[in-house]
Amino acid sequence: MNKFYFFLLSSLLFFFSCSRHHDDYLARVGRSFLTKEDLAKMLPDAGLNPNISKNNINSVVSSWVKKEVLFQQARSYHFDRDENIRARVNDFYRDLVIDAFIKYYLQTNVAISEDEIRNYYLQNKNSFIRDREEARVTHVIVQDFNDAMAIKTALASHNKTELDKFLQKYNFETKTVRRGESLSELDRTIFETSPRNILGPIATNYGYHIVEVLARFPVGSVRSLDDVRDDIYQKITQLKIQANYDRLLDSLLKDADYEIRDDNITNFLSKQQ
């Protein structure tokens, strides 16, 4: 085939490839196309998250273009034919399949009762002793000083109507904080005032903070079950996952047709030395 016909055939293939995608593709590098379906698979929740922004999508698309440019360049040097890389791809693929199966199996076999959480808490109470001061606080940060003062007044007077107005506008957090882990301006104020005080506005580089101290807990006190419920749930989950994994693997190995050739392993090692 002479160069003219080769060029003509290549041009036709490229044209038909483009025509198949028409205007549906989101990005292209050479003859590789990023479609809407491809993008959806790359986004969290298959792209169904209503909060995802155009900037997020542009970032993903830009990343795909950069990687595709690099991939095509690497392929021109035939790195896609490297046997070591192919072996690693196969191992990675196998690990992904195994992980998907394990998650499916464990999701249908792990259940945690309230009694288990309570018993774990009672049996491990010493592990929930506070080694630092802690405080339970409600916290909000705003950029407008007048809003900060109005929020402080509404909290102090328990004005529900005013509070509801600000709750719709700002993100109020109720959480437990440990001494030494917050901004120094907040940390000092939270732990050196009386509980149930409304503190602020406290000016920082991030804005004006309003903090309501609901309770303070000294070093040596024990965290309540409600405070550590999520942590206990995660710990019991991991213990059950490991136990179920071990049982599953033992069961599969018991019925599997396999062998390990120790003599060949020894022979392999001898040749490596």
# chains A, B, ... in the order shown; residues from 1 in each chain; ligands from 1
call {"tool": "residues_around", "arguments": {"residues": "Asp144 of chain A", "least_positions_apart": "4", "cutoff": "8 Å", "atoms": "only C-alpha atoms", "output": "PyMOL selection string"}}
result
chain A and resi 148+207-208
call {"tool": "atom_distance", "arguments": {"atom1": "atom CA of Glu212 of chain A", "atom2": "atom CA of Leu155 of chain A"}}
result
8.0 Å
call {"tool": "closest_atom_pairs", "arguments": {"of": "segment 70-114 of chain A", "to": "segment 22-44 of chain A", "cutoff": "12 Å", "atoms": "only C-alpha atoms", "output": "Markdown table"}}
result
| residue | atom | partner | partner_atom | distance |
| --- | --- | --- | --- | --- |
| A:Leu70 | CA | A:Val29 | CA | 10.3 |
| A:Phe71 | CA | A:Val29 | CA | 10.3 |
| A:Gln72 | CA | A:Val29 | CA | 8.7 |
| A:Gln73 | CA | A:Val29 | CA | 11.1 |
call {"tool": "write_last_selection", "arguments": {"atoms": "N, CA and C atoms", "output": "mmCIF file, in the first residue's frame"}}
result
data_model
loop_
_atom_site.group_PDB
_atom_site.id
_atom_site.type_symbol
_atom_site.label_atom_id
_atom_site.label_comp_id
_atom_site.auth_asym_id
_atom_site.auth_seq_id
_atom_site.Cartn_x
_atom_site.Cartn_y
_atom_site.Cartn_z
ATOM 1 N N LEU A 70 -0.061 11.633 27.969
ATOM 2 C CA LEU A 70 1.100 10.888 28.460
ATOM 3 C C LEU A 70 1.028 9.419 28.062
ATOM 4 N N PHE A 71 -0.180 8.837 28.147
ATOM 5 C CA PHE A 71 -0.341 7.426 27.796
ATOM 6 C C PHE A 71 -0.013 7.189 26.326
ATOM 7 N N GLN A 72 -0.506 8.064 25.461
ATOM 8 C CA GLN A 72 -0.236 7.881 24.041
ATOM 9 C C GLN A 72 1.245 8.034 23.725
ATOM 10 N N GLN A 73 1.906 8.950 24.442
ATOM 11 C CA GLN A 73 3.345 9.107 24.245
ATOM 12 C C GLN A 73 4.092 7.863 24.727
#
call {"tool": "residues_around", "arguments": {"residues": "Ala203 of chain A", "least_positions_apart": "4", "cutoff": "10 Å", "atoms": "only C-alpha atoms", "output": "list in words"}}
result
Ile141, Val142, Gln143, Phe145, Glu185, Leu186, Gly207, Tyr208, His209 and Ile210 of chain A
call {"tool": "closest_residue", "arguments": {"among": "A:Leu252, A:Ile241, A:Leu269, A:Val137", "to": "Thr108 of chain A", "atoms": "only C-alpha atoms"}}
result
A:Ile241
call {"tool": "atom_distance", "arguments": {"atom1": "atom CA of His139 of chain A", "atom2": "atom CA of Tyr206 of chain A"}}
result
13.3 Å
call {"tool": "residues_around", "arguments": {"residues": "Glu162 of chain A", "least_positions_apart": "4", "cutoff": "10 Å", "atoms": "only C-alpha atoms", "output": "PyMOL selection string"}}
result
chain A and resi 150-151+153-155+157-158+166-167
call {"tool": "write_last_selection", "arguments": {"atoms": "N, CA and C atoms", "output": "compact mmCIF listing (two decimals), in the first residue's frame"}}
result
# COMPACT_ATOMS: atom_id res chain seq x y z
N ALA A 150 -25.60 39.21 65.96
CA ALA A 150 -27.01 38.82 65.99
C ALA A 150 -27.17 37.35 66.38
N ILE A 151 -26.25 36.50 65.91
CA ILE A 151 -26.28 35.08 66.26
C ILE A 151 -26.01 34.90 67.74
N THR A 153 -26.60 37.02 70.12
CA THR A 153 -27.79 37.49 70.86
C THR A 153 -28.91 36.45 70.80
N ALA A 154 -29.11 35.86 69.62
CA ALA A 154 -30.18 34.86 69.45
C ALA A 154 -29.91 33.62 70.29
N LEU A 155 -28.64 33.20 70.35
CA LEU A 155 -28.29 32.04 71.17
C LEU A 155 -28.49 32.33 72.66
N SER A 157 -30.49 34.49 74.04
CA SER A 157 -31.89 34.72 74.40
C SER A 157 -32.79 33.55 74.01
N HIS A 158 -32.18 32.52 73.38
CA HIS A 158 -32.94 31.34 72.90
C HIS A 158 -34.09 31.77 71.99
N PHE A 166 -30.88 32.06 60.89
CA PHE A 166 -29.44 31.91 60.70
C PHE A 166 -29.05 30.45 60.41
N LEU A 167 -29.82 29.50 60.93
CA LEU A 167 -29.54 28.10 60.65
C LEU A 167 -29.70 27.78 59.17
call {"tool": "select_by_dssp", "arguments": {"residues": "segment 5-193 of chain A", "states": "strand (DSSP E)", "output": "number ranges by chain"}}
result
A: 27-29, 32-34, 134-142, 173-178
call {"tool": "select_by_dssp", "arguments": {"residues": "segment 26-190 of chain A", "states": "alpha helix (DSSP H)", "output": "tab-separated table (two decimals) with C-alpha atoms, in the first residue's frame"}}
result
chain	number	residue	atom	x	y	z
A	36	LYS	CA	-20.41	11.27	28.92
A	37	GLU	CA	-20.66	7.61	29.88
A	38	ASP	CA	-16.90	7.46	30.54
A	39	LEU	CA	-17.03	10.61	32.67
A	40	ALA	CA	-19.95	9.30	34.75
A	41	LYS	CA	-17.88	6.23	35.68
A	42	MET	CA	-15.03	8.49	36.84
A	54	LYS	CA	-18.59	22.45	36.67
A	55	ASN	CA	-15.17	23.14	38.18
A	56	ASN	CA	-15.09	19.56	39.52
A	57	ILE	CA	-16.02	18.19	36.11
A	58	ASN	CA	-13.49	20.42	34.32
A	59	SER	CA	-10.81	19.16	36.70
A	60	VAL	CA	-11.64	15.51	35.94
A	61	VAL	CA	-11.76	16.14	32.18
A	62	SER	CA	-8.47	18.06	32.28
A	63	SER	CA	-6.87	15.22	34.25
A	64	TRP	CA	-8.10	12.70	31.65
A	65	VAL	CA	-6.60	14.77	28.80
A	66	LYS	CA	-3.22	15.03	30.53
A	67	LYS	CA	-3.11	11.31	31.32
A	68	GLU	CA	-4.21	10.37	27.80
A	69	VAL	CA	-1.51	12.57	26.26
A	70	LEU	CA	1.10	10.89	28.46
A	71	PHE	CA	-0.34	7.43	27.80
A	72	GLN	CA	-0.24	7.88	24.04
A	73	GLN	CA	3.34	9.11	24.25
A	74	ALA	CA	4.32	6.13	26.43
A	75	ARG	CA	2.58	3.78	24.01
A	76	SER	CA	4.58	5.25	21.12
A	83	GLU	CA	5.62	-7.75	30.17
A	84	ASN	CA	6.37	-6.53	33.70
A	85	ILE	CA	3.74	-3.80	33.38
A	86	ARG	CA	1.21	-6.29	32.00
A	87	ALA	CA	1.90	-8.61	34.93
A	88	ARG	CA	1.31	-5.75	37.38
A	89	VAL	CA	-1.93	-4.83	35.57
A	90	ASN	CA	-3.12	-8.43	35.88
A	91	ASP	CA	-2.27	-8.46	39.59
A	92	PHE	CA	-4.09	-5.16	40.12
A	93	TYR	CA	-7.13	-6.42	38.18
A	94	ARG	CA	-7.21	-9.60	40.24
A	95	ASP	CA	-6.98	-7.59	43.49
A	96	LEU	CA	-9.88	-5.38	42.39
A	97	VAL	CA	-12.04	-8.42	41.62
A	98	ILE	CA	-11.16	-9.97	44.99
A	99	ASP	CA	-11.91	-6.71	46.84
A	100	ALA	CA	-15.29	-6.39	45.12
A	101	PHE	CA	-16.18	-9.97	46.07
A	102	ILE	CA	-15.02	-9.54	49.68
A	103	LYS	CA	-17.06	-6.32	50.08
A	104	TYR	CA	-20.14	-8.03	48.64
A	105	TYR	CA	-19.67	-11.08	50.87
A	106	LEU	CA	-19.04	-9.09	54.03
A	107	GLN	CA	-21.88	-6.63	53.49
A	114	GLU	CA	-26.89	-2.48	70.17
A	115	ASP	CA	-26.05	-5.08	72.84
A	116	GLU	CA	-22.68	-5.77	71.17
A	117	ILE	CA	-21.85	-2.05	71.17
A	118	ARG	CA	-22.84	-1.68	74.83
A	119	ASN	CA	-20.89	-4.79	75.90
A	120	TYR	CA	-17.80	-3.62	74.05
A	121	TYR	CA	-18.06	-0.25	75.80
A	122	LEU	CA	-18.37	-1.83	79.28
A	123	GLN	CA	-15.52	-4.28	78.68
A	145	PHE	CA	-19.59	41.00	62.07
A	146	ASN	CA	-23.20	42.17	62.43
A	147	ASP	CA	-24.47	38.65	61.71
A	148	ALA	CA	-22.02	37.30	64.30
A	149	MET	CA	-23.41	39.65	66.95
A	150	ALA	CA	-27.01	38.82	65.99
A	151	ILE	CA	-26.28	35.08	66.26
A	152	LYS	CA	-24.73	35.55	69.69
A	153	THR	CA	-27.79	37.49	70.86
A	154	ALA	CA	-30.18	34.86	69.45
A	155	LEU	CA	-28.29	32.04	71.17
A	156	ALA	CA	-28.17	33.86	74.50
A	157	SER	CA	-31.89	34.72	74.40
A	160	LYS	CA	-35.93	30.32	67.99
A	161	THR	CA	-37.28	32.51	65.19
A	162	GLU	CA	-33.98	34.35	64.79
A	163	LEU	CA	-31.94	31.17	65.18
A	164	ASP	CA	-33.94	29.39	62.47
A	165	LYS	CA	-33.19	32.26	60.12
A	166	PHE	CA	-29.44	31.91	60.70
A	167	LEU	CA	-29.54	28.10	60.65
A	168	GLN	CA	-30.78	28.32	57.07
A	169	LYS	CA	-27.97	30.70	56.14
A	184	SER	CA	-5.24	28.99	69.40
A	185	GLU	CA	-7.73	31.88	69.70
A	186	LEU	CA	-10.64	29.43	70.00
A	187	ASP	CA	-8.82	26.88	72.13
A	188	ARG	CA	-7.89	29.35	74.83
A	189	THR	CA	-11.39	30.85	74.94
A	190	ILE	CA	-13.25	27.52	74.99
call {"tool": "atom_distance", "arguments": {"atom1": "atom CA of Leu248 of chain A", "atom2": "atom CA of Val110 of chain A"}}
result
12.8 Å
call {"tool": "residues_around", "arguments": {"residues": "segment 130-134 of chain A", "least_positions_apart": "4", "cutoff": "8 Å", "atoms": "only C-alpha atoms", "output": "list in words"}}
result
Thr176, Val177, Arg178, Arg179, Phe191, Arg216, Phe217, Pro218, Val219, Gly220, Ser221, Val222 and Arg223 of chain A
call {"tool": "closest_residue", "arguments": {"among": "A:Ser182, A:Ser113, A:Ser53, A:Asn126", "to": "Arg229 of chain A", "atoms": "only C-alpha atoms"}}
result
A:Ser113
